[in-house]
Each structure stands twice: as structure tokens, then as C-alpha cells.
Amino acid sequence: MAILRCANGNTVYKPRSVAVDRALSTLLATLNVKIRVPDVRVRDGYGWAEFVTHRYCADDELAQFYRGIGHWLAISRLVGGSDLHAENLIACGPVPVVVDCETLFTPLEPIEPSLGGIAVDRARALVSGSVLRTGLLPGRGTALGWRGVDTSAVGSLPDQQPQTELPVVLGVGTDTAHVGLAPAEIPSAANHPSPEPALSKHWPQVLAGFDELTRQLLALDREGRLGPLLEPFHACEVRIVKRATEQYAEVGRMLWHPVSLHDQPAAAERAAKVLTPTEIEDLLAGDIPFYTAVPEVAEALDRFRRGDVEVEREVIKAALVSAYLNDGWLPDEKPMRPTVIRTDDLDRRRRRLAAELTQRLVRAAIRGEDGSATWIAPVLDDTGWTVRPLSQD
């Protein structure tokens, strides 16, 4: 990818087919939603794309932006979008623009059976196939040198990212200059609509946007009109991300290290423990391995039809907590203090409230044929808050 800066504006060169970008743009225009991808010009094996400029929202535009995020979640659930992290989304005023949509129709990875029972495996499959995999929603994970990093398009909040130390030149411009470690922060991207995003304030708009477009898509499917809208994707080529680019880059640096070049067969043998021979060949040629596939449109549509919308809604609601580093944040809730004190019939009312809470737990349970049960909820682990099945303890 290269940005061409010209006198009358900028444009983006992409060394891949951008037919999938055009197909997605056509779908969004048909649905008449206020989200979009850059305009593209399709060429043979490459393409040109519009350069999208970041712009913060005015206060009255923020609600529309976050509603658009909900629309993106609904669309991504339909077309199997993934890898939509912070650098792949640009806030262009009230319009969230996905600038790299090559990872559509991403196949689901098989879930390895665990020792936790059928319910746990079923819950893991639900989470891995949910809108969490889009990369849009906040979620804490690990990256090279970073633990608890949130690279999501909606998250990646300022002052809510872990810090680490990186080697830099200290004492620049003096006779004591030397290489040492200094604190480093993750650089901010152009994904936020405001300098200090208030996610909790606008999170209901995300859910409302998801519900709105999901209802529209389901209605189109009932009328037999959704399948034909996906036909243009059959002729496209999509990318399958097997590993994060930074992981490939790190192994590539190891392969090109002078020690490795001194005995390249031994270095390649070590790399073969984690990479395939073709991946190693690409890295030795200075390239990042790139996998392509033909979209499984029918499979994606079938998965959309079989999906559990209520589980998706709960995942969206629960994901908000992952945007924050610790439990110092709580959602804005209405005060539970009663405006009128009632002391009559206390026992019956207490029992009713307890029964309602118990029924909510029962309804939310994910069950297995072996009698096991679990729930999907925010869990605090070594990387921070993340949405996943509850552990058995």
C-alpha cells in the first residue's frame, strides 16, 4: 500500500484486487446506511482507493457515528468481517469509514474440545463466531511486547493502554548518548470521533444501530432479497489472516539477523517449528505471507441465519468494559434508591426480585447435553477485562 500525495489531493495505491471493496460499497448503498468504504477503481490485480481524511465529530454528530458502528457490526456479522482494528477504521466526521475490507467471509476456526464439558465448548464457539471477531469491539489481548493491549476500532482509548519500555537513544545531543530503555505508549490512530471518547454515554447507540440494521437484513432475507445482494462477492478474492502481521515481521527480523544469515538452514529449521515452508520463503524474500481465498458466500449466509441475535446483543453490551484498563469504570446506571419507601409485603417483594434474578441467570445459561452449563460474561484475567465463557471456578 502506498499513498500518493498530489497537488489536487491524495489517493491510495493498493497492490491487490479491490473488487471486494466495490462489492461491499454497492451493498451498503443498497441498504441506505450512513457508513461506507472508500471509493475505488478496480484494475487487474491492483486498484486505487480514495484517501479518507480523519475529522472529529461535532457534539451533535457523535450519536450518528456510534449508531454507524452498530451498523458495521450488523454488516460484519452478515459478511464475516474480521481484522477491523483501529488502523482499519477512520472517523470521517459522523461517518465511520472502513478503509481496508479485504478480510471478509473469514472462515471460522474449529474449536478444540476442552475438558470443561460440552457447554463450555459451545460457549467458546459462540464467542469465537460472534461479532467480537470483527475487531471492532473492545477486547484485551496480547501483542509482541504488550500485555492487555486493546487494538480494536472502537476501543484503543487514550490513557487506557498498557505501557512498556522500548530501546531508544538516551541523552541525544550530548557526549553521554547511549541506547537505553524508555517508557513508550501505543500511538493513537484515526479511529476516534472525538479526542476523549465517551463510550459509556454512546454505547446504547451502538446497540440501537446493530438492532436496526439486523432487523432490516432479516426482513430482506425473509423476502428472498438478501441472497441476491451478496452475489457480487462470488467474483471477489478475500484475504485470510493466519497470523498477525507483527508476528510475521518479528520472525522475519530473526531470519535476517546476521547470526541467522551466517547459518541460514539452521535458522529456517528453527522457524519451521511455527511457520510453513512457503511462509519462510516469503519472509526470506522480504515479503509478508499473504493467503487468499474465494468467498464462501452461501456458508456465510447460512451462518447468519443460524446465528443467535440475543447472544450477539449480550456480547456487544458486555464488551464495553474491555475498553478500560481496570475496574475503576462502571456504566452509568439509574440510582437504585427508591423514591418512595414501602415497608409492606417485604417478604413477597424480596422473593419476586430474587426469582427474577434467578430466571435471568437460567435464561442466559448455555447448556450441554452432558448436563454442563456456563455463561458468557466479562472476565478479568492477566490481560484485563475480556468477554469469554466463565471458568469452572
# chains A, B, ... in the order shown; residues from 1 in each chain; ligands from 1
$ residues_around --residues "A:Gln163" --least-positions-apart "3" --cutoff "7 Å" --atoms "only C-alpha atoms" --output "ChimeraX atom specification"
/A:183-185
$ select_by_dssp --residues "stretch 148-368 of chain A" --states "strand (DSSP E)" --output "PyMOL selection string"
chain A and resi 148-149+164-170+178-184+238-240+291-293+366-367
$ residues_around --residues "stretch 302-304 of chain A" --least-positions-apart "5" --cutoff "9 Å" --atoms "only C-alpha atoms" --output "PyMOL selection string"
chain A and resi 77-80+297
$ atom_distance --atom1 "atom CA of A:Val251" --atom2 "atom CA of A:Thr164"
20.5 Å
$ residues_around --residues "A:Trp385" --least-positions-apart "4" --cutoff "7 Å" --atoms "only C-alpha atoms" --output "PyMOL selection string"
chain A and resi 140+321-322+378-381
$ select_by_dssp --residues "stretch 48-278 of chain A" --states "alpha helix (DSSP H)" --output "CSV table (one decimal) with N, CA and C atoms, in the first residue's frame"
chain,number,residue,atom,x,y,z
A,62,LEU,N,-22.0,12.9,17.2
A,62,LEU,CA,-21.4,11.7,17.9
A,62,LEU,C,-22.4,10.5,17.9
A,63,ALA,N,-23.7,10.8,18.2
A,63,ALA,CA,-24.7,9.7,18.2
A,63,ALA,C,-24.8,9.0,16.9
A,64,GLN,N,-24.7,9.8,15.8
A,64,GLN,CA,-24.8,9.1,14.5
A,64,GLN,C,-23.5,8.3,14.2
A,65,PHE,N,-22.4,8.7,14.7
A,65,PHE,CA,-21.1,7.9,14.5
A,65,PHE,C,-21.3,6.6,15.2
A,66,TYR,N,-21.7,6.6,16.4
A,66,TYR,CA,-21.8,5.3,17.2
A,66,TYR,C,-22.9,4.4,16.7
A,67,ARG,N,-24.0,5.0,16.2
A,67,ARG,CA,-25.0,4.2,15.5
A,67,ARG,C,-24.4,3.6,14.3
A,68,GLY,N,-23.6,4.3,13.6
A,68,GLY,CA,-22.9,3.7,12.4
A,68,GLY,C,-22.0,2.5,12.8
A,69,ILE,N,-21.4,2.6,14.0
A,69,ILE,CA,-20.6,1.4,14.5
A,69,ILE,C,-21.5,0.2,14.6
A,70,GLY,N,-22.7,0.4,15.2
A,70,GLY,CA,-23.7,-0.7,15.3
A,70,GLY,C,-24.0,-1.2,13.9
A,71,HIS,N,-24.2,-0.4,12.9
A,71,HIS,CA,-24.4,-0.8,11.6
A,71,HIS,C,-23.3,-1.7,11.0
A,72,TRP,N,-22.0,-1.3,11.3
A,72,TRP,CA,-20.9,-2.1,10.9
A,72,TRP,C,-20.9,-3.4,11.6
A,73,LEU,N,-21.3,-3.5,12.8
A,73,LEU,CA,-21.3,-4.8,13.5
A,73,LEU,C,-22.4,-5.7,12.8
A,74,ALA,N,-23.5,-5.2,12.4
A,74,ALA,CA,-24.5,-6.0,11.8
A,74,ALA,C,-24.1,-6.4,10.4
A,75,ILE,N,-23.4,-5.5,9.6
A,75,ILE,CA,-22.9,-5.9,8.3
A,75,ILE,C,-21.8,-7.0,8.4
A,76,SER,N,-20.9,-6.8,9.4
A,76,SER,CA,-19.8,-7.7,9.6
A,76,SER,C,-20.3,-9.1,10.0
A,77,ARG,N,-21.4,-9.1,10.8
A,77,ARG,CA,-22.0,-10.4,11.1
A,77,ARG,C,-22.5,-11.1,9.9
A,78,LEU,N,-23.0,-10.4,8.9
A,78,LEU,CA,-23.5,-11.0,7.7
A,78,LEU,C,-22.4,-11.5,6.8
A,79,VAL,N,-21.4,-10.6,6.6
A,79,VAL,CA,-20.4,-11.0,5.6
A,79,VAL,C,-19.1,-11.5,6.2
A,118,ILE,N,-19.4,-30.0,27.4
A,118,ILE,CA,-20.0,-29.5,26.1
A,118,ILE,C,-20.4,-28.1,26.2
A,119,ALA,N,-21.0,-27.6,27.3
A,119,ALA,CA,-21.5,-26.2,27.4
A,119,ALA,C,-20.3,-25.2,27.2
A,120,VAL,N,-19.2,-25.5,27.8
A,120,VAL,CA,-18.0,-24.6,27.7
A,120,VAL,C,-17.5,-24.5,26.3
A,121,ASP,N,-17.5,-25.7,25.6
A,121,ASP,CA,-17.0,-25.7,24.2
A,121,ASP,C,-18.1,-25.0,23.3
A,122,ARG,N,-19.3,-25.1,23.6
A,122,ARG,CA,-20.4,-24.5,22.9
A,122,ARG,C,-20.3,-22.9,23.1
A,123,ALA,N,-20.0,-22.5,24.3
A,123,ALA,CA,-19.9,-21.1,24.6
A,123,ALA,C,-18.6,-20.5,23.9
A,124,ARG,N,-17.5,-21.3,23.9
A,124,ARG,CA,-16.3,-20.8,23.2
A,124,ARG,C,-16.6,-20.7,21.7
A,125,ALA,N,-17.4,-21.6,21.1
A,125,ALA,CA,-17.7,-21.5,19.7
A,125,ALA,C,-18.6,-20.2,19.5
A,126,LEU,N,-19.5,-20.0,20.4
A,126,LEU,CA,-20.4,-18.8,20.2
A,126,LEU,C,-19.6,-17.5,20.3
A,127,VAL,N,-18.6,-17.4,21.2
A,127,VAL,CA,-17.8,-16.2,21.3
A,127,VAL,C,-16.9,-16.1,20.1
A,128,SER,N,-16.2,-17.1,19.7
A,128,SER,CA,-15.3,-17.0,18.5
A,128,SER,C,-16.0,-16.7,17.2
A,199,LEU,N,-17.4,6.4,25.6
A,199,LEU,CA,-18.1,5.2,25.1
A,199,LEU,C,-19.3,4.9,25.9
A,200,SER,N,-19.3,5.0,27.2
A,200,SER,CA,-20.5,4.6,28.0
A,200,SER,C,-21.7,5.5,27.7
A,201,LYS,N,-21.4,6.7,27.3
A,201,LYS,CA,-22.6,7.6,27.0
A,201,LYS,C,-23.2,7.2,25.7
A,202,HIS,N,-22.4,6.8,24.7
A,202,HIS,CA,-23.0,6.5,23.4
A,202,HIS,C,-23.2,5.0,23.1
A,203,TRP,N,-22.8,4.1,24.1
A,203,TRP,CA,-22.9,2.7,23.8
A,203,TRP,C,-24.4,2.2,23.4
A,204,PRO,N,-25.4,2.8,24.0
A,204,PRO,CA,-26.8,2.5,23.6
A,204,PRO,C,-27.0,2.7,22.1
A,205,GLN,N,-26.3,3.7,21.5
A,205,GLN,CA,-26.4,4.0,20.1
A,205,GLN,C,-25.8,2.8,19.3
A,206,VAL,N,-24.7,2.3,19.8
A,206,VAL,CA,-24.1,1.1,19.1
A,206,VAL,C,-25.1,0.0,19.0
A,207,LEU,N,-25.7,-0.3,20.2
A,207,LEU,CA,-26.7,-1.4,20.2
A,207,LEU,C,-27.9,-1.1,19.4
A,208,ALA,N,-28.4,0.1,19.4
A,208,ALA,CA,-29.5,0.5,18.6
A,208,ALA,C,-29.2,0.4,17.1
A,209,GLY,N,-28.0,0.8,16.7
A,209,GLY,CA,-27.7,0.6,15.3
A,209,GLY,C,-27.6,-0.8,14.8
A,210,PHE,N,-27.0,-1.7,15.7
A,210,PHE,CA,-27.0,-3.1,15.4
A,210,PHE,C,-28.4,-3.7,15.3
A,211,ASP,N,-29.3,-3.4,16.2
A,211,ASP,CA,-30.6,-3.9,16.2
A,211,ASP,C,-31.3,-3.4,14.9
A,212,GLU,N,-31.2,-2.1,14.6
A,212,GLU,CA,-31.9,-1.5,13.4
A,212,GLU,C,-31.5,-2.2,12.1
A,213,LEU,N,-30.2,-2.4,11.9
A,213,LEU,CA,-29.8,-3.0,10.6
A,213,LEU,C,-30.0,-4.5,10.6
A,214,THR,N,-29.8,-5.1,11.7
A,214,THR,CA,-30.1,-6.6,11.8
A,214,THR,C,-31.6,-6.9,11.4
A,215,ARG,N,-32.5,-6.1,11.9
A,215,ARG,CA,-33.9,-6.2,11.6
A,215,ARG,C,-34.1,-6.1,10.1
A,216,GLN,N,-33.4,-5.1,9.5
A,216,GLN,CA,-33.6,-4.8,8.1
A,216,GLN,C,-33.0,-6.0,7.3
A,217,LEU,N,-31.9,-6.6,7.7
A,217,LEU,CA,-31.3,-7.7,7.0
A,217,LEU,C,-32.1,-8.9,7.1
A,218,LEU,N,-32.7,-9.2,8.3
A,218,LEU,CA,-33.6,-10.3,8.4
A,218,LEU,C,-34.8,-10.2,7.6
A,219,ALA,N,-35.4,-9.0,7.5
A,219,ALA,CA,-36.6,-8.8,6.7
A,219,ALA,C,-36.2,-9.0,5.2
A,220,LEU,N,-35.1,-8.6,4.8
A,220,LEU,CA,-34.7,-8.8,3.4
A,220,LEU,C,-34.5,-10.3,3.1
A,221,ASP,N,-34.0,-11.0,4.1
A,221,ASP,CA,-33.8,-12.4,3.9
A,221,ASP,C,-35.2,-13.2,3.8
A,222,ARG,N,-36.1,-12.8,4.7
A,222,ARG,CA,-37.5,-13.4,4.6
A,222,ARG,C,-38.1,-13.2,3.3
A,226,LEU,N,-32.1,-11.0,0.2
A,226,LEU,CA,-30.7,-10.8,0.8
A,226,LEU,C,-29.7,-11.6,0.0
A,227,GLY,N,-30.0,-12.8,-0.4
A,227,GLY,CA,-29.0,-13.6,-1.1
A,227,GLY,C,-28.6,-13.0,-2.4
A,228,PRO,N,-29.5,-12.5,-3.2
A,228,PRO,CA,-29.0,-11.8,-4.5
A,228,PRO,C,-28.1,-10.6,-4.2
A,229,LEU,N,-28.3,-9.9,-3.1
A,229,LEU,CA,-27.5,-8.7,-2.8
A,229,LEU,C,-26.0,-9.2,-2.6
A,245,THR,N,0.4,-9.7,11.4
A,245,THR,CA,1.5,-9.2,10.6
A,245,THR,C,2.7,-9.0,11.4
A,246,GLU,N,2.5,-8.5,12.6
A,246,GLU,CA,3.7,-8.2,13.5
A,246,GLU,C,4.4,-9.5,13.9
A,247,GLN,N,3.7,-10.6,14.0
A,247,GLN,CA,4.3,-11.9,14.3
A,247,GLN,C,5.2,-12.3,13.1
A,248,TYR,N,4.7,-12.2,11.9
A,248,TYR,CA,5.5,-12.5,10.7
A,248,TYR,C,6.7,-11.6,10.7
A,249,ALA,N,6.5,-10.3,10.9
A,249,ALA,CA,7.6,-9.3,10.9
A,249,ALA,C,8.7,-9.7,11.9
A,250,GLU,N,8.3,-10.1,13.1
A,250,GLU,CA,9.3,-10.5,14.1
A,250,GLU,C,10.1,-11.7,13.7
A,251,VAL,N,9.5,-12.7,13.2
A,251,VAL,CA,10.2,-13.9,12.7
A,251,VAL,C,11.1,-13.5,11.5
A,252,GLY,N,10.6,-12.6,10.7
A,252,GLY,CA,11.4,-12.1,9.5
A,252,GLY,C,12.6,-11.4,10.0
A,253,ARG,N,12.5,-10.6,11.0
A,253,ARG,CA,13.7,-9.9,11.5
A,253,ARG,C,14.7,-11.0,12.1
A,254,MET,N,14.2,-12.0,12.7
A,254,MET,CA,15.1,-13.0,13.2
A,254,MET,C,15.8,-13.8,12.1
A,255,LEU,N,15.1,-14.0,11.0
A,255,LEU,CA,15.7,-14.7,9.9
A,255,LEU,C,16.7,-13.9,9.1
A,258,PRO,N,22.1,-11.1,11.3
A,258,PRO,CA,23.4,-11.6,10.9
A,258,PRO,C,23.7,-13.0,11.4
A,259,VAL,N,23.4,-13.3,12.6
A,259,VAL,CA,23.6,-14.6,13.1
A,259,VAL,C,22.9,-15.7,12.3
A,260,SER,N,21.6,-15.4,12.0
A,260,SER,CA,20.8,-16.3,11.2
A,260,SER,C,21.4,-16.4,9.8
A,261,LEU,N,21.8,-15.3,9.2
A,261,LEU,CA,22.3,-15.3,7.8
A,261,LEU,C,23.6,-16.1,7.7
A,262,HIS,N,24.4,-16.2,8.9
A,262,HIS,CA,25.6,-17.0,8.9
A,262,HIS,C,25.3,-18.5,8.7
A,264,GLN,N,21.9,-20.0,7.5
A,264,GLN,CA,20.5,-19.9,7.2
A,264,GLN,C,19.7,-21.2,7.3
A,265,PRO,N,20.3,-22.3,6.9
A,265,PRO,CA,19.5,-23.6,7.1
A,265,PRO,C,19.1,-23.8,8.5
A,266,ALA,N,20.0,-23.6,9.5
A,266,ALA,CA,19.6,-23.8,10.9
A,266,ALA,C,18.5,-22.8,11.3
A,267,ALA,N,18.6,-21.5,10.8
A,267,ALA,CA,17.6,-20.5,11.2
A,267,ALA,C,16.3,-20.9,10.6
A,268,ALA,N,16.3,-21.4,9.4
A,268,ALA,CA,15.0,-21.8,8.7
A,268,ALA,C,14.4,-23.0,9.4
A,269,GLU,N,15.3,-23.9,9.9
A,269,GLU,CA,14.8,-25.1,10.7
A,269,GLU,C,14.1,-24.7,12.0
A,270,ARG,N,14.6,-23.7,12.6
A,270,ARG,CA,14.0,-23.2,13.9
A,270,ARG,C,12.7,-22.5,13.5
A,271,ALA,N,12.6,-21.7,12.5
A,271,ALA,CA,11.4,-21.1,12.1
A,271,ALA,C,10.3,-22.1,11.7
A,277,PRO,N,6.8,-24.0,5.2
A,277,PRO,CA,7.9,-23.7,4.3
A,277,PRO,C,7.7,-22.5,3.4
A,278,THR,N,6.5,-22.4,2.9
A,278,THR,CA,6.2,-21.2,2.0
A,278,THR,C,6.2,-19.9,2.7
$ closest_atom_pairs --of "stretch 212-322 of chain A" --to "stretch 83-105 of chain A" --cutoff "6 Å" --atoms "only C-alpha atoms" --output "tab-separated table"
residue	atom	partner	partner_atom	distance
A:Val238	CA	A:Glu102	CA	5.3
A:Arg239	CA	A:Thr103	CA	5.0
A:Pro295	CA	A:Phe105	CA	5.6
$ write_last_selection --atoms "N, CA and C atoms" --output "PDB file, in the first residue's frame"
ATOM      1  N   VAL A 238     -10.673 -12.652  -1.345  1.00  0.00           N
ATOM      2  CA  VAL A 238     -10.528 -12.102   0.003  1.00  0.00           C
ATOM      3  C   VAL A 238      -9.250 -12.635   0.635  1.00  0.00           C
ATOM      4  N   ARG A 239      -8.836 -11.966   1.685  1.00  0.00           N
ATOM      5  CA  ARG A 239      -7.617 -12.353   2.391  1.00  0.00           C
ATOM      6  C   ARG A 239      -7.967 -13.139   3.644  1.00  0.00           C
ATOM      7  N   PRO A 295     -14.597 -16.237  -1.585  1.00  0.00           N
ATOM      8  CA  PRO A 295     -15.588 -16.148  -0.507  1.00  0.00           C
ATOM      9  C   PRO A 295     -16.596 -17.293  -0.527  1.00  0.00           C
TER      10      PRO A 295
END
$ atom_distance --atom1 "atom CA of A:Pro38" --atom2 "atom CA of A:Pro15"
15.6 Å
$ closest_residue --among "A:Gly155, A:Asp382, A:Pro289, A:His178" --to "A:Glu196" --atoms "only C-alpha atoms"
A:Gly155
$ residues_around --residues "A:Arg43" --least-positions-apart "3" --cutoff "12 Å" --atoms "only C-alpha atoms" --output "compact mmCIF listing (two decimals) with C-alpha atoms, in the first residue's frame"
# COMPACT_ATOMS: atom_id res chain seq x y z
CA TYR A 13 -2.50 2.57 -4.31
CA LYS A 14 -3.32 -0.99 -3.19
CA PRO A 15 -1.29 -3.89 -4.61
CA ARG A 16 -4.30 -6.21 -4.54
CA SER A 17 -7.69 -6.53 -6.15
CA VAL A 18 -10.18 -4.05 -4.72
CA ALA A 19 -13.20 -5.79 -6.22
CA ARG A 22 -16.52 -2.25 -4.65
CA VAL A 40 -12.22 2.53 -5.53
CA TYR A 46 -4.39 -3.90 -8.10
CA GLY A 47 -6.52 -0.86 -7.50
CA TRP A 48 -6.81 2.77 -6.47
CA ALA A 49 -8.74 3.94 -3.44
